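Since the structure comes first, as C-alpha cells, the remarks are kept for the end.
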Amino acid sequence: MPSYNPADVERRWQQFWETNKTFRTPDPDSPEVAGKPKSYILDMFPYPSGAGLHVGHPEGYTATDILSRFKRMRGFHVLHPMGWDAYGLPAEQYAVEKNVHPRITTQENIKTFRRQIKSLGFSYDWDREVDTTDPSYFKWTQWIFLTIFDTWYDPEQKKGRAISELPIPADVAARGDAAVRKYQDSFRLAYQAEVPVNWCPALGTVLANEEVIDGKSERGNHPVERRPLKQWLMRITAYAERLLDDLAPLDWSESIKLMQRNWIGKSEGAEVVFALASGASHGTGSETITVFTTRPDTLFGATYMVLSPEHALVERITTPEQKAAVKAYQEGASRKSDFERTELAKTKTGVFTGAFAVNPVNGEKVPIWIADYVLATYGTGAIMAVPAHDERDFEFAKQFGLPIVPVVKPTEEWLKKTGSTLTELKEPYCEEGVAVNSGILDGLPTAEAKAKITAWLEERSIGERRVNYKLRDWLFSRQRYWGEPFPVLHGPDGEIVPLTLKDLPLIPPELADFKPTGTPEGPLSKATDWVNVEINGKKYKRETNTMPQWAGSCWYFLRYIDPHNDQAFADPAKLKHWLPVDMYIGGAEHAVLHLLYSRFWHKVLFDRGYLPCTEPFQRLVNQGMILGENNEKMSKARGNVVNPDDVVKEYGADSLRLYEMFMGPLEAVKPWNTASIAGVYKFLGRAWRLIVDDITETMMLHPSVREVEPDRDTLRVLHHTIQKVTEDTESLRFNTAISTMMEFVNHMTKLEVKPRSVLEPFVLLLAPYAPHVAEELWQALGHKTTLAYEPWPKFDPELAKADEIEIPVQVNGKLKTVLKVPAEIDDAALEAAAMADEKVKEALAGKLVKKVIVKSKKMVNLVVG
C-alpha cells in the first residue's frame, strides 16, 4: 500500500464519502448553515444514453466539482446535485432499436451513468438525485404545464397573470360560457392551434424549429417536411422582449447572449397595408395584404409582392388561369423544410397568382406572386419586394424579369466597384444612404426617410410602427410514447379540461407496442382504455401527444432544491435561499434550446409568484469540446470514443480529473491524448512520495517530513502557490493552478527536510483537484477526519513576493542574457543593470543604441543600428 495505488485509494474514499454522506447539503434552516453565504453550482444534467460516458462528459463535471469542493473549504453553503434528463426522443429511439421498453433501457442507462460518475469522485449530494421519468418528478412538470395553461400575458403590466384575471369583453360574456372559454383559450400561454409544422416521417413525430438542422432532424439526420397539424404550442413570443432585455445583467459570454438575441431576432420597422387592385379577390368584401418591413423608406421601390404558399389569401386571389400552377407549387413547397426553402435553394422559384395589389405610396399596381422563400411563420407571411435593395428580391426579380427600381442612392465607390449605374444595378445595394426616386422622401438620409414615411402611413391609417421577432411560438407536442402525458381532457364540445393537482401525476399507460404510429395520433392512441374517460356520464378523451424532452429539463434545477417535497415543486423559503444558480456549466450546444426554454418557464413561474427571481442562471460557462485523438468530434461512428472506465482502470480517477483540467483553458476545444495522462499520473506519484514513505510495507510518514520551520525561499513558494491556486481556481483557470502545484512539488522534492507546516496546506490545495489522493495524504499527516470541510489555506501577499526575479534582455528582439535582479527594481535601475551586463556590452560593441524598451519587471529590449 505505501506505493501510490489509485484503485485502492479511490475505492476506499468513495465508499467513505457515500457511507458518511460527506457531501449532503443541509437545509437552509439548519444551525450548521447559519451565516454561511450560499453557492449553487450546477451541471447541465446528462441524457443517459446507451453508450455511457465518454471522456468528454466529465470535463464540465470535474470543473464544477473542483469549484464546489473549493467553495465548501472557503465556508460556503454549497448545493451541487446531479440527475438525469431521461425522457424524450433519443431514449425512445434507442429502445426501439433494441426492441426493449424505454423504461427498462432508461433505468439501465442511468445505472451505468451513475456508476461511471461515482467512480470519478464527484462530490454530488446524491440524496437530491432527480430523474425526469420518475412520476414524483413529472407530476410537477405536468403541474407547471397547467400553470402555464392557466396564464395569459398582460402587455400593459408586462407580466403573466392568471387566466381568471383576463378582462372579458361584454359582448363575449353575453354569448355565454362557451364563448368566454374560447376567448380565454385564445390568450393562454399554452394553447392548441393548427400550424405548419416540421414533420419527420422517419421519427414519426413533429419537431420544433430548433430541432431541425440543415433541413434534417437533429436526432438521426432524417429528412423533415412541412405539413399543417393541430398541435400544442407555448406562447414564448409574448416574453420575447423580456428574454432579450434580461440578458444584459447576466454573467454569460457575449457569444451565447448573441446566439439568443439572434434566435429571438428583434427587428424594428413598420407594418404597411397594401390594398388589392380592383377585381383581384374572389372573396367577399375588400381585401388587403399587410407586410412588415424594416425599411419602410424603400416603399417607392416595391415593384412586386410575394406571399408564402400557405398564405390564407392565396386561394381567394388566384385567377382561374393560374390556379393549376399555384396549386402545384403549393404542393411542392409543402414537402420542403423551412431550411430548404430559405437557405438551400440556389435558384429562386415562384408562381404569379394573376392578382395585383396597389402600392400605397405611389398608387402603382404591383403583381402578387407566391414563393417558398417567404414563410407563413415569419412576420405576416407576406413581403413587399424591393429588388434594388434586397439580395433575395434581386435574385427573384432577375429570374422572372420583374422591375428593379433603385430608391436609395449608392455611393460612387460602390457603383464603381460593382460596375453598376443608378439606372442599371449589377447587384442590390443593401446599405443605408439618401433616398432617390421616392417622391416626398427624395434627398433624405435613411433614418429620416424611415421616420417620415412611417408618420405619413400612420396619418392615413395604412401603416404603423411595429416591432417584429423572428422567434416563433414553441411547438410543444410530440407524437411519441416516451414523454410526459398532457394533464388535460378533451370534452365533446371542444373544451379543454385541465386535471387538478390531486389527479397528478398522470402516468402514461403501459404499452407493449410503443413504436410511433406514423400519424399525428401518436402511440398513446393505442391505449383506448386509457384515452377514453367518463366523468359524471360525460365522455372525454385524453391527449394522445406527449410533451417534448425539453419539458423536464426546463425546471430540474428547481427540483434539486427540494426534491422530496410532495406538496409543491419546491418550498418557497428554500427557493429564496438558493436562487438564482450561481454557476452553470455545460455545452454551448444548448445555447438556444434549453437555455431559452428554461428562461421562459422561469419567468412565467416568477410572474405567477412561485419564484423569487426573474432569471434562473446568473453565471454561465460553456466548457470546450474534447475531441478525439484524430482531432475530430468523438463518436462511435468515427471510432474515436475514449471510455473513462478504461482511463480510471489504468491511471485512476484523480489522474483523469487532473488531465482534463490540465489540457488547456476550460472553454477551449482540445484534442485528447491518452499518452499525456502519464504526466499527471507521475505528478501525483511525486506528491505522494513527498509525504508517504514508499519503502515500508505499512502506511508511514516519510522520514524527511519534520516539524521544522521552512526557509525563506520555501515560505515564498508556499504562499505564492496558495495565492496562485486560490486566484486561478476562483477564476476557473484550472490548468494554470495545476501547473503551479507541479512547480511546488518540484521545489519540495529538492529539499532534504520537508517542513510539515508547508505540506499540510499543499494537500488542502490539491484536494479539490485530486480529492482521493489528497484525503489519503491528509490521513498520512496524522488527521483523523475528512478534509472536505477544512478551511482553505490563506496566503500573505508579502511572503508570496519573490526576493529576486529573472528578466530576459534582448538586442533587436534576440535573447542575449537573463538578469537576476531584486524583485522591487524600478525601470531606470533595470535599464542600468541591462546596460552593465557583460554579454549585453559585447552585443552592443560598435553599435548605436537607438531605443531602449523596458517592460516593468518583465523584459528589456535594446534596439540598435
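Residues are referred to by chain and number: the chain letter is A, B, ... according to the order shown in the C-alpha cells, the number counts from 1 in that chain, and ligands are numbered separately from 1 in the order shown.
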Produce a table with one row for each residue of segment 753-780 of chain A that has an atom at most 9 Å from any atom of segment 699-715 of chain A, each row naming the nearest atom pair and its distance in Å at one decimal; use only C-alpha atoms; arrange rows by chain and rising residue number; format as CSV.
residue,atom,partner,partner_atom,distance
A:Val753,CA,A:Ser704,CA,4.9
A:Lys754,CA,A:Val705,CA,4.7
A:Pro755,CA,A:Val708,CA,5.2
A:Arg756,CA,A:Arg706,CA,5.7
A:Ser757,CA,A:Glu707,CA,7.3
A:Val758,CA,A:Pro710,CA,7.3
A:Leu759,CA,A:Val705,CA,8.5
A:Ala780,CA,A:Leu701,CA,6.0
Please produce a file of those selected residues containing N, CA, C and O atoms, as a PDB file, in the first residue's frame.
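The file below, selection_2.pdb, is the result:
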ATOM      1  N   VAL A 753      14.950  18.044   3.915  1.00  0.00           N
ATOM      2  CA  VAL A 753      13.997  18.080   5.032  1.00  0.00           C
ATOM      3  C   VAL A 753      12.786  18.884   4.592  1.00  0.00           C
ATOM      4  O   VAL A 753      12.924  20.003   4.103  1.00  0.00           O
ATOM      5  N   LYS A 754      11.610  18.283   4.763  1.00  0.00           N
ATOM      6  CA  LYS A 754      10.375  18.900   4.264  1.00  0.00           C
ATOM      7  C   LYS A 754       9.515  19.329   5.448  1.00  0.00           C
ATOM      8  O   LYS A 754       9.011  18.481   6.189  1.00  0.00           O
ATOM      9  N   PRO A 755       9.345  20.620   5.654  1.00  0.00           N
ATOM     10  CA  PRO A 755       8.552  21.103   6.783  1.00  0.00           C
ATOM     11  C   PRO A 755       7.100  20.650   6.678  1.00  0.00           C
ATOM     12  O   PRO A 755       6.441  20.857   5.652  1.00  0.00           O
ATOM     13  N   ARG A 756       6.609  20.038   7.724  1.00  0.00           N
ATOM     14  CA  ARG A 756       5.217  19.582   7.763  1.00  0.00           C
ATOM     15  C   ARG A 756       4.255  20.754   7.580  1.00  0.00           C
ATOM     16  O   ARG A 756       3.211  20.629   6.938  1.00  0.00           O
ATOM     17  N   SER A 757       4.607  21.911   8.122  1.00  0.00           N
ATOM     18  CA  SER A 757       3.728  23.084   8.059  1.00  0.00           C
ATOM     19  C   SER A 757       3.556  23.600   6.640  1.00  0.00           C
ATOM     20  O   SER A 757       2.646  24.378   6.371  1.00  0.00           O
ATOM     21  N   VAL A 758       4.408  23.174   5.730  1.00  0.00           N
ATOM     22  CA  VAL A 758       4.291  23.569   4.323  1.00  0.00           C
ATOM     23  C   VAL A 758       3.494  22.526   3.538  1.00  0.00           C
ATOM     24  O   VAL A 758       2.726  22.853   2.635  1.00  0.00           O
ATOM     25  N   LEU A 759       3.661  21.250   3.913  1.00  0.00           N
ATOM     26  CA  LEU A 759       2.984  20.178   3.188  1.00  0.00           C
ATOM     27  C   LEU A 759       1.480  20.141   3.448  1.00  0.00           C
ATOM     28  O   LEU A 759       0.693  19.829   2.552  1.00  0.00           O
ATOM     29  N   ALA A 780      -2.268  10.473   6.235  1.00  0.00           N
ATOM     30  CA  ALA A 780      -0.853  10.164   6.481  1.00  0.00           C
ATOM     31  C   ALA A 780      -0.192  11.235   7.333  1.00  0.00           C
ATOM     32  O   ALA A 780       0.743  10.956   8.104  1.00  0.00           O
TER      33      ALA A 780
END
- prompt: If we count only C-alpha atoms, what is near Asp493 of chain A at a cut-off of 12 Å, once residues fewer than 5 positions away on the same chain are taken out, given as a VMD selection string?
  reply: chain A and resid 177 to 179 181 to 182 538 to 541
task: Could you please write out, as a ChimeraX atom specification, every residue of segment 303-519 of chain A that DSSP assigns to helix (DSSP H, G or I)?
output: /A:314-317,320-334,338-344,387-389,391-400,412-418,439-441,446-459,501-503
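From atom CA of Asn735 of chain A back to atom CA of Lys820 of chain A, the distance works out to 27.5 Å.
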task: Just give me the gap between atom CA of Lys724 of chain A and atom CA of His77 of chain A in Å, one decimal is fine.
output: 23.6 Å
- request: Using only C-alpha atoms, find the one residue out of A:Tyr651, A:Tyr124, A:Tyr659, A:Phe476 that sits nearest to Val197 of chain A.
  value: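 Counting only C-alpha atoms, the residue closest to Val197 of chain A is A:Phe476.
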field: Residue neighbourhood Arg599 of chain A, 12 Å, only C-alpha atoms, exclusion window fewer than 3 positions, as a VMD selection string
entry: chain A and resid 236 239 to 240 242 to 244 246 to 247 250 260 553 to 555 557 580 591 to 596 602 to 606 613 to 618
- prompt: Contacts of Phe76 of chain A at 10 Å or less, counting only C-alpha atoms, minus same-chain residues fewer than 6 places along, as an MDAnalysis selection string?
  reply: chainID A and resid 33 35:40 68:70 789
Sort by chain and increasing residue number a table of all residues of segment 363-480 of chain A within 8 Å of segment 306-324 of chain A, each with its closest pair of atoms and their distance in Å to one decimal, counting only C-alpha atoms, and write it as CSV.
residue,atom,partner,partner_atom,distance
A:Ile368,CA,A:Val306,CA,5.7
A:Trp369,CA,A:Val306,CA,4.7
A:Ile370,CA,A:Leu307,CA,4.7
A:Ala371,CA,A:Ser308,CA,5.9
A:Asp372,CA,A:Ser308,CA,6.0
A:Tyr373,CA,A:Ser308,CA,7.5
A:Val374,CA,A:Ser308,CA,4.8
A:Leu375,CA,A:Ser308,CA,5.3
A:Ala376,CA,A:Ser308,CA,5.5
A:Gly381,CA,A:Ser308,CA,5.4
A:Ala382,CA,A:Leu307,CA,4.4
A:Ile383,CA,A:Val306,CA,5.4
A:Met384,CA,A:Val306,CA,6.6
A:Ala385,CA,A:Val306,CA,6.9
Let me see the file: selected residues, N, CA, C and O atoms, as a compact mmCIF listing (two decimals), in the first residue's frame.
# COMPACT_ATOMS: atom_id res chain seq x y z
N ILE A 368 -48.71 40.12 -57.61
CA ILE A 368 -48.60 39.31 -56.40
C ILE A 368 -48.18 37.89 -56.79
O ILE A 368 -48.88 37.21 -57.55
N TRP A 369 -47.05 37.46 -56.28
CA TRP A 369 -46.51 36.13 -56.54
C TRP A 369 -46.58 35.30 -55.26
O TRP A 369 -46.77 35.84 -54.16
N ILE A 370 -46.41 34.00 -55.41
CA ILE A 370 -46.11 33.16 -54.24
C ILE A 370 -44.72 32.57 -54.46
O ILE A 370 -44.33 32.28 -55.60
N ALA A 371 -43.97 32.43 -53.37
CA ALA A 371 -42.62 31.86 -53.45
C ALA A 371 -42.28 31.23 -52.11
O ALA A 371 -42.69 31.74 -51.05
N ASP A 372 -41.53 30.13 -52.15
CA ASP A 372 -41.29 29.40 -50.90
C ASP A 372 -40.21 30.03 -50.03
O ASP A 372 -39.99 29.60 -48.91
N TYR A 373 -39.52 31.07 -50.52
CA TYR A 373 -38.56 31.73 -49.64
C TYR A 373 -39.25 32.66 -48.63
O TYR A 373 -38.63 33.17 -47.71
N VAL A 374 -40.55 32.86 -48.79
CA VAL A 374 -41.35 33.59 -47.79
C VAL A 374 -42.08 32.55 -46.93
O VAL A 374 -42.74 31.65 -47.45
N LEU A 375 -41.94 32.67 -45.62
CA LEU A 375 -42.50 31.69 -44.69
C LEU A 375 -43.75 32.24 -44.03
O LEU A 375 -43.80 33.41 -43.62
N ALA A 376 -44.77 31.39 -43.90
CA ALA A 376 -46.01 31.80 -43.24
C ALA A 376 -45.79 32.10 -41.77
O ALA A 376 -46.54 32.85 -41.16
N GLY A 381 -46.26 36.64 -43.23
CA GLY A 381 -46.33 35.66 -44.30
C GLY A 381 -46.42 36.30 -45.67
O GLY A 381 -46.74 35.64 -46.66
N ALA A 382 -46.14 37.61 -45.72
CA ALA A 382 -46.16 38.34 -46.99
C ALA A 382 -45.07 39.40 -46.94
O ALA A 382 -44.74 39.93 -45.89
N ILE A 383 -44.48 39.67 -48.12
CA ILE A 383 -43.46 40.73 -48.17
C ILE A 383 -43.74 41.67 -49.34
O ILE A 383 -44.37 41.29 -50.33
N MET A 384 -43.29 42.91 -49.17
CA MET A 384 -43.19 43.79 -50.33
C MET A 384 -41.76 43.60 -50.84
O MET A 384 -40.80 43.62 -50.06
N ALA A 385 -41.59 43.36 -52.12
CA ALA A 385 -40.28 43.07 -52.68
C ALA A 385 -39.66 44.34 -53.24
O ALA A 385 -40.25 45.02 -54.09
Could you give me, as a tab-separated table, every segment 163-208 of chain A residue with an atom at most 12 Å from segment 90-111 of chain A, plus its closest atom pair and distance in Å to one decimal, counting only C-alpha atoms, rows ordered by chain then number?
residue	atom	partner	partner_atom	distance
A:Ala202	CA	A:Gln93	CA	10.7
A:Leu203	CA	A:Gln93	CA	8.2
A:Gly204	CA	A:Gln93	CA	10.7
A:Thr205	CA	A:Gln93	CA	11.6
Can I get the selected residues back with N, CA, C and O atoms, as a CSV table (one decimal), in the first residue's frame?
chain,number,residue,atom,x,y,z
A,202,ALA,N,-39.6,9.6,-40.7
A,202,ALA,CA,-38.7,8.5,-40.2
A,202,ALA,C,-38.9,8.4,-38.7
A,202,ALA,O,-38.9,7.3,-38.1
A,203,LEU,N,-39.0,9.6,-37.9
A,203,LEU,CA,-39.2,9.5,-36.5
A,203,LEU,C,-40.6,9.5,-36.1
A,203,LEU,O,-40.9,9.2,-34.9
A,204,GLY,N,-41.5,9.7,-37.0
A,204,GLY,CA,-42.9,9.7,-36.7
A,204,GLY,C,-43.4,10.7,-35.8
A,204,GLY,O,-44.3,10.5,-34.9
A,205,THR,N,-42.8,11.9,-35.8
A,205,THR,CA,-43.2,13.0,-34.9
A,205,THR,C,-42.9,14.3,-35.5
A,205,THR,O,-42.2,14.5,-36.5
field: Among the residues A:Ala275, A:Val212, A:Ala174, A:Leu229, the one that comes closest to Glu521 of chain A [using only C-alpha atoms]
entry: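 For Glu521 of chain A, the nearest of the given residues is A:Leu229.
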Secondary structure check, strand (DSSP E) residues of segment 459-581 of chain A, as an MDAnalysis selection string: chainID A and resid 463:469 474:475 488:490 496:498 532:535 538:542
